[in-house]
Structures are given as structure tokens and as C-alpha cells.
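Novice: Before I ask anything, here is the structure I am working with.
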Amino acid sequence: MKDYGKVKAVQDVSFHLEPGEVFGLLGPNGAGKTSLISTIVTLEKPTSGQVLVYGFDVTRQPSEAKKCVGFVPQEIVHHGFFNVEEIMRFYSGYFGYWNNQKRIEELLKKLSLWPHRHKKVRQLSGGMKRRLLIAKALSHNPKLILLDEPTAGVDVELRDQLWELIRELQKEGITILLTTHYLEEAEALCQRVGIIHKGKLLALGPTQELIEKFTQREIHICTKEPKSAITHPLLISQEGNRLIFRIPSHQTVGEILKSLQISLDDVVDLQTKEGSLEQAFRRVIGEELSC
Amino acid sequence: MLEKQIPFWSLLVREVMRFYKVIVQTVLAPIVGSSLYLLVFGVSLGRQIKMADISYLGFLVPGLVMMGVLNNAFQNASSSIISSKFSGDLEDYKVSPLTYQQIIWALALGGLFRGLIVGTVTFCIGQLFYWGMHHQFLGVAHPFLLILFLIIGGLSFAMIGLSVAIRVKSVDQLGAFGNFILVPLIYLGGVFFSIKTLHPFWEHLSHFNPVLYFINGVRYGILGTTDVSIPLALGIAVLTIVSVNVFSLYSLRNSSFSRW
Ligand SMILES: Nc1ncnc2c1ncn2[C@@H]1O[C@H](COP(=O)(O)OP(=O)(O)OP(=O)(O)O)[C@@H](O)[C@H]1O
Ligand SMILES: [Mg+2]
């Protein structure tokens, strides 16, 4: 739990990450995502409660915990007169790596920053600044990476690169927690997501399960002959030979067809549209708003 | 053992490089300042000031050396913290395994190092002026004590700079501390005059100013003369560094590392 005076930024949030997974922390602006991440990296002290990183309590054994964690803050960090390479050297030094040149070179090349290694932060473009934050966070080979809105304000190409990077990191066995406002991003990357709103954890689970739980599938059926008006509880529209149904995930298309006595020969085209994480997100947040 | 201190060494290297990169502002400017003091007060006005056994210029040199050390040690640590608060990289210290004592000692040594450069150059320029006036150089009466007072003073003032900078909520507050507390303490600490020349009331009051003991320690180190007892001065110096260290630790623990 984390209070800022009267503001209860995070309350009763409890979850754990599976090693090697990509976990998405979702929530509207001011939900408490950054506050939560800040308590993991000890920038904020929890008002109450406990955070464990690979078994180390972040308030009691901070240095062991911190060594396992790479932190990419939401906002760009500047470093005055230092250039990219110096920044990387100092930062890995703080984590106990004195001569880390090989790793630094490898990371800067991987993140396409190598040609810019003699530039100061303010001489980099927005995307490069963000990549530098990620390079810093990876400099000490952390087992867990916290990415606070890594793709905010990033162009399509860089976003693709970052997605690729996140998948690569996952392949290397690194656990990733990321926050994002792009729900298709979370859907594409995260095996599990947690949705928080006003500091409370409203939903938590495997991405696919949440989508199935909170959304319905849409089925478009196109028949050879126009059907006479049908009444069916799941039907949402009927126009000539086009029928659209919204069905819960546990029901199958076959069951619908059977109950309407439409044979497969009769069907010209059949499309199903899966619910999206965005719809699930809206449902979860919306439910909270309405009560 | 040494492995554990890598974070400390990294931060120390950063601190030294930080002022080295802007050496004109951080080292050259203060040296110009103290040279002007030497020229205006020591050489010009000093001719009219009669002191018992030494010229005023000779009296002034140790004071200005120590003033340079204390001021620059304070400045270095405080501006390092303040600029990091603006740029956001202060958070780096907190999210990494750097311990509070490692932060304190890295900043203290960085500040001391800058202070010693300014102090040494001031001393050399003072020697040149002194030679111009007296055709001989100032001797160093007690080199070991001199170095001891310089080091303890520089470290202490850098730690004060760190604690004040981490606690303040704005640059103005830091400026206020400098103008209303630090500068008066240094100026009234006997840089420019012997407190023996003061009205007894003020002379008495001066004994509560810790800077007095640092300045006189250095003056004793160079000239062999002092307004205060040297064992007492040493005791107060040690007490100062211990208490500002504790205060720094307390300040780091209870302050936010978040950006402004
Ligand atoms: N230092 C602070 N002092 C007081 N209140 C704060 C502080 N930091 C954050 N808050 C408040 O805590 C709540 C959660 O903020 P937080 O930054 O964690 O949200 P977030 O989920 O990261 O939002 P965003 O998506 O906009 O980044 C907000 O109501 C915010 O105003
Ligand atoms: Mg945030």
C-alpha cells in the first residue's frame, strides 16, 4: 500500500510474477502504476505491505533486491555533461561492474546507440533517449525488468524494435513487467495482465482468460438465402442474409448453427471476431465507474 | 572487499569528472576570486595594516586557502545533487545498490578534491605575491597538521553541501543557506582578521563558530600562529566531521530522490 498524504495511490494490490513471463500492468492515468513500480525500486517507501524481489524484501535487503532489477522510468533522464558511454559506465559501476565495456558495447549496438555513444542526452532524439534508458537498465544483467510506458511517444518502427527486444529478453529468461496505455501492445506481448484503477487491482490473470471472461465473440454468418426474421437471445443484427451474433466464449459456433437449424451447406461465409483486451479493459474499468 | 566498493569508486569518478568537465566554472573562477582577494586586500590594503610578527598578506594566505577549500567542497557536493535533482539521475543512486555511506563519501571526496585544487593553486598564487613583496616564500610550519585540517574541513563541508542540497525544496533555499549561514560563518571565522582584534563580546561569540577552528588550524599549519588552542581545534574538527556525517546519513534516509 502507498499513500501520498491523503492520496491512496496503491491499495490492496497483491500479485506475483512468474519467472520468465511478460506481465502487463494496465490502468488509466493516475491509476497507481508508476507508484507501484516506484515502491519496487525503493524510490517510494510502502506505507504498509511488502515487496519481494526474488525472495529479497526491498526494504530490508535493498541491495540484493536492486541487483536483480532493471528499471526504465516513465520520464526521460538527463545526465548533464556526460555522454552515452560515460553514462553507461557509471551506471553499471553503481551496480558493481567496474570494467563492463564488453556488455556496454553489446547493448549500445543492440539498441542502435553505438554510433551516438559520444553524444550527450540532450543531443539524442526522443527514441534514442528511451533506448538509452533501456540500455542502462540492462547493463547489470538483471533478472527482472520494469518498463514504465516504454512505448509512449515512440514511432511505429521503434515500437516494433522494442517489441522485438522485449520478446528477445523474454527468450533469454528475463522476467518483464511493463505498463502501457496501448492495449493491443499488452495483448501482443503479455502472457498475463493486471488491471488497476484508483490504486486497486480490479482484474488479474492470463491475458487470454481475461479477454474471454470480460468480452464476447462476434460471429458473422452469411447464408445462401435470406432467412426469415429470427429471434435468438444472442442475435444482435440481421440484415438480409447476414446474421451477427455475440456469444460468450464457452459457446461454440456449432451450437448456434444447430439451434437455428442452419446447415453448413447453407453457409456462404463465416467470420468470428474475438473480443479484444481493449474491450475487456473497458468492461473492467467501466464496471468500477458504474458502482 | 574491494569488489563491494565498486559503486563508490564509480560515483567518485563521476563526481570528479563532473567538475572537471566544467573546470572553468568550478576551478578557474574560484581561483580568480581568491587571487583578487590576495591582490586587493593582501597586497594593496595590506601595506597599511600592521600586524605583530607577519605581514597582512602572509596572514591572509592560509585563510584564503581554507576558504577556497571549504567553499568549493560545499559547492561541488551541493551543485552535484541539485543538478541531478533537475535531470532526474539522482534516482539512479536510489535504484542501484549504492549505499548511503558510499554516496556520502564519494561526494565528500569529490568535493574535497575540487577544494584542494582551488586551495593549492590559491596557495601558489599567494606565494608569488608574497615573494613579490618580501623576496622570500612562506614556509610551512606543520605540514601534517595542515593537511589534516584541510582534509577534515573539505570532507565536512562537502557533506554539509550534500545534506543541505538533498533536503532543500528549491534552488532558492540552497542560495539562502549559502548567503545567510555559510558565507557569514566563513567570513566571521577569521579568514581576514584575527579575532583577537575584535571587541571581547564578538571575540567570545566567535568561539561558537566551528569555521574558526578550521581556519586557525590551517593558519597554524602554515604560519605556526593561531588564535585558538590546536588540540581543541582538532577535537572540534573531528566532532564536526562525525556529526555532519551522521546528519548526511539522516538526510539521505529521509529525503526524496525524485526529480524536481
Ligand atoms: N509524489 C506524489 N505526491 C502526491 N501524490 C502523488 C505523487 N505521485 C503520484 N501521486 C498520485 O498518486 C496517484 C497515482 O499516480 P501514478 O503516477 O502512480 O499513476 P500512473 O498509473 O503511473 O499514471 P500514468 O498512466 O499517468 O503514468 C495519482 O493520483 C497521483 O496524483
Ligand atoms: Mg505512470
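Residues are named by chain letter and number: chains run A, B, ... in the order of the C-alpha cells, numbers start at 1 in each chain, and ligands are numbered from 1 in the order shown.
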Please check which protein, DNA or RNA residues sit within 12 Å of ligand 1, counting only C-alpha atoms and all ligand atoms, and write them as a count of residues only.
Specialist: 54
Novice: Report as a JSON list (two decimals) with C-alpha atoms, in the first residue's frame the set of chain B residues whose atoms approach chain A to within 9 Å, with distances computed over only C-alpha atoms.
Specialist:
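Writing done, so here's out-v9.json:
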```json
[["chain", "number", "residue", "atom", "x", "y", "z"],
["B", 3, "GLU", "CA", 34.54, -5.50, -5.14],
["B", 4, "LYS", "CA", 31.95, -4.11, -2.74],
["B", 5, "GLN", "CA", 33.33, -0.61, -3.20],
["B", 6, "ILE", "CA", 32.95, -0.51, -7.00],
["B", 7, "PRO", "CA", 29.72, 1.53, -6.72],
["B", 8, "PHE", "CA", 31.59, 4.02, -4.53],
["B", 9, "TRP", "CA", 34.53, 4.32, -6.93],
["B", 10, "SER", "CA", 32.22, 4.74, -9.88],
["B", 11, "LEU", "CA", 30.37, 7.58, -8.21],
["B", 13, "VAL", "CA", 34.96, 9.09, -10.69],
["B", 14, "ARG", "CA", 31.69, 10.60, -11.85],
["B", 17, "MET", "CA", 34.65, 14.17, -13.96],
["B", 18, "ARG", "CA", 31.60, 16.31, -13.36],
["B", 21, "LYS", "CA", 34.11, 18.95, -17.47],
["B", 22, "VAL", "CA", 33.22, 22.47, -16.38],
["B", 83, "SER", "CA", 21.70, 19.30, -10.91],
["B", 84, "SER", "CA", 20.89, 15.62, -10.51],
["B", 86, "PHE", "CA", 16.81, 18.54, -12.12],
["B", 87, "SER", "CA", 17.97, 15.95, -14.60],
["B", 88, "GLY", "CA", 16.43, 13.01, -12.77],
["B", 89, "ASP", "CA", 19.59, 10.95, -12.46],
["B", 91, "GLU", "CA", 17.04, 8.39, -8.92],
["B", 92, "ASP", "CA", 19.90, 6.29, -10.31],
["B", 93, "TYR", "CA", 21.61, 6.40, -6.92],
["B", 94, "LYS", "CA", 18.49, 5.15, -5.23],
["B", 95, "VAL", "CA", 17.60, 2.33, -7.61],
["B", 96, "SER", "CA", 21.17, 1.00, -7.61],
["B", 97, "PRO", "CA", 22.88, -0.83, -4.75],
["B", 98, "LEU", "CA", 24.90, 2.28, -3.77],
["B", 99, "THR", "CA", 24.71, 2.56, 0.00],
["B", 256, "SER", "CA", 13.20, 12.08, -1.68],
["B", 257, "PHE", "CA", 15.44, 11.23, -4.61],
["B", 258, "SER", "CA", 12.67, 12.13, -7.05]]
```
Novice: Between atom CA of Gly224 of chain B and atom CA of Gly126 of chain B, what distance in Å does the model show, to one decimal?
Specialist: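 Atom CA of Gly126 of chain B lies 17.0 Å from atom CA of Gly224 of chain B.
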Novice: Can you tell me which residues surround Ile219 of chain A at a distance of at most 7 Å, considering only C-alpha atoms, apart from same-chain residues fewer than 2 positions away, and format the answer as a list in words?
Specialist: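 The residues satisfying every condition are Arg217, Ile221, Ile244, Phe245, Arg246, Gln271, Thr272 and Lys273 of chain A.
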Novice: By how many Å are atom CA of Trp114 of chain A and atom CA of Glu85 of chain A apart?
Specialist: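 A separation of 8.7 Å between them.
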Novice: Can you tell me, as a PyMOL selection string, what residues are no more than 9 Å from Gln279 of chain A when counting only C-alpha atoms, ignoring any on the same chain fewer than 6 positions away?
Specialist: chain A and resi 211+214-215
Novice: Take the residues just selected and output them with N, CA and C atoms as a compact mmCIF listing (two decimals), in the first residue's frame.
Specialist:
```txt
# COMPACT_ATOMS: atom_id res chain seq x y z
N ILE A 211 -9.66 -11.76 -21.51
CA ILE A 211 -10.43 -11.39 -22.69
C ILE A 211 -11.68 -12.26 -22.77
N PHE A 214 -14.20 -11.28 -19.97
CA PHE A 214 -14.87 -9.97 -19.98
C PHE A 214 -15.38 -9.54 -21.35
N THR A 215 -15.16 -10.36 -22.38
CA THR A 215 -15.68 -9.95 -23.69
C THR A 215 -16.43 -11.11 -24.31
```
Novice: Contacts of segment 150-161 of chain B at 6 Å or less, counting only C-alpha atoms, minus same-chain residues fewer than 4 places along, as a JSON list (two decimals) with N, CA, C and O atoms, in the first residue's frame?
Specialist:
```
[["chain", "number", "residue", "atom", "x", "y", "z"],
["B", 69, "VAL", "N", 39.00, 25.94, 0.02],
["B", 69, "VAL", "CA", 38.70, 24.51, 0.21],
["B", 69, "VAL", "C", 37.26, 24.32, 0.68],
["B", 69, "VAL", "O", 36.49, 23.55, 0.10],
["B", 70, "LEU", "N", 36.89, 25.07, 1.73],
["B", 70, "LEU", "CA", 35.56, 24.87, 2.32],
["B", 70, "LEU", "C", 34.45, 25.24, 1.34],
["B", 70, "LEU", "O", 33.51, 24.49, 1.12],
["B", 73, "ALA", "N", 34.34, 22.74, -1.69],
["B", 73, "ALA", "CA", 33.86, 21.42, -1.30],
["B", 73, "ALA", "C", 32.34, 21.47, -1.15],
["B", 73, "ALA", "O", 31.62, 20.61, -1.66],
["B", 74, "PHE", "N", 31.86, 22.51, -0.48],
["B", 74, "PHE", "CA", 30.42, 22.67, -0.31],
["B", 74, "PHE", "C", 29.72, 22.80, -1.65],
["B", 74, "PHE", "O", 28.75, 22.10, -1.95],
["B", 77, "ALA", "N", 29.57, 19.43, -3.86],
["B", 77, "ALA", "CA", 28.59, 18.44, -3.46],
["B", 77, "ALA", "C", 27.18, 18.95, -3.67],
["B", 77, "ALA", "O", 26.32, 18.24, -4.18],
["B", 78, "SER", "N", 26.94, 20.21, -3.29],
["B", 78, "SER", "CA", 25.55, 20.68, -3.39],
["B", 78, "SER", "C", 25.13, 20.84, -4.84],
["B", 78, "SER", "O", 24.03, 20.45, -5.20],
["B", 108, "ALA", "N", 31.75, 13.50, -0.79],
["B", 108, "ALA", "CA", 32.67, 14.22, 0.09],
["B", 108, "ALA", "C", 34.06, 14.28, -0.52],
["B", 108, "ALA", "O", 34.70, 15.33, -0.55],
["B", 111, "GLY", "N", 34.15, 16.57, -3.54],
["B", 111, "GLY", "CA", 34.18, 17.97, -3.10],
["B", 111, "GLY", "C", 35.55, 18.35, -2.55],
["B", 111, "GLY", "O", 36.10, 19.41, -2.87],
["B", 112, "LEU", "N", 36.11, 17.44, -1.73],
["B", 112, "LEU", "CA", 37.43, 17.70, -1.16],
["B", 112, "LEU", "C", 38.46, 17.89, -2.27],
["B", 112, "LEU", "O", 39.30, 18.79, -2.23],
["B", 165, "ALA", "N", 21.65, 20.21, 0.20],
["B", 165, "ALA", "CA", 21.09, 20.11, -1.15],
["B", 165, "ALA", "C", 20.02, 19.03, -1.25],
["B", 165, "ALA", "O", 19.03, 19.19, -1.95],
["B", 241, "ILE", "N", 33.17, 16.57, 11.70],
["B", 241, "ILE", "CA", 33.01, 15.63, 10.59],
["B", 241, "ILE", "C", 32.13, 14.45, 11.01],
["B", 241, "ILE", "O", 31.30, 13.98, 10.22]]
```
Novice: Mind pulling up the distance from atom CA of Leu146 of chain A to atom CA of Leu177 of chain A?
Specialist: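 Atom CA of Leu146 of chain A lies at a distance of 4.9 Å from atom CA of Leu177 of chain A.
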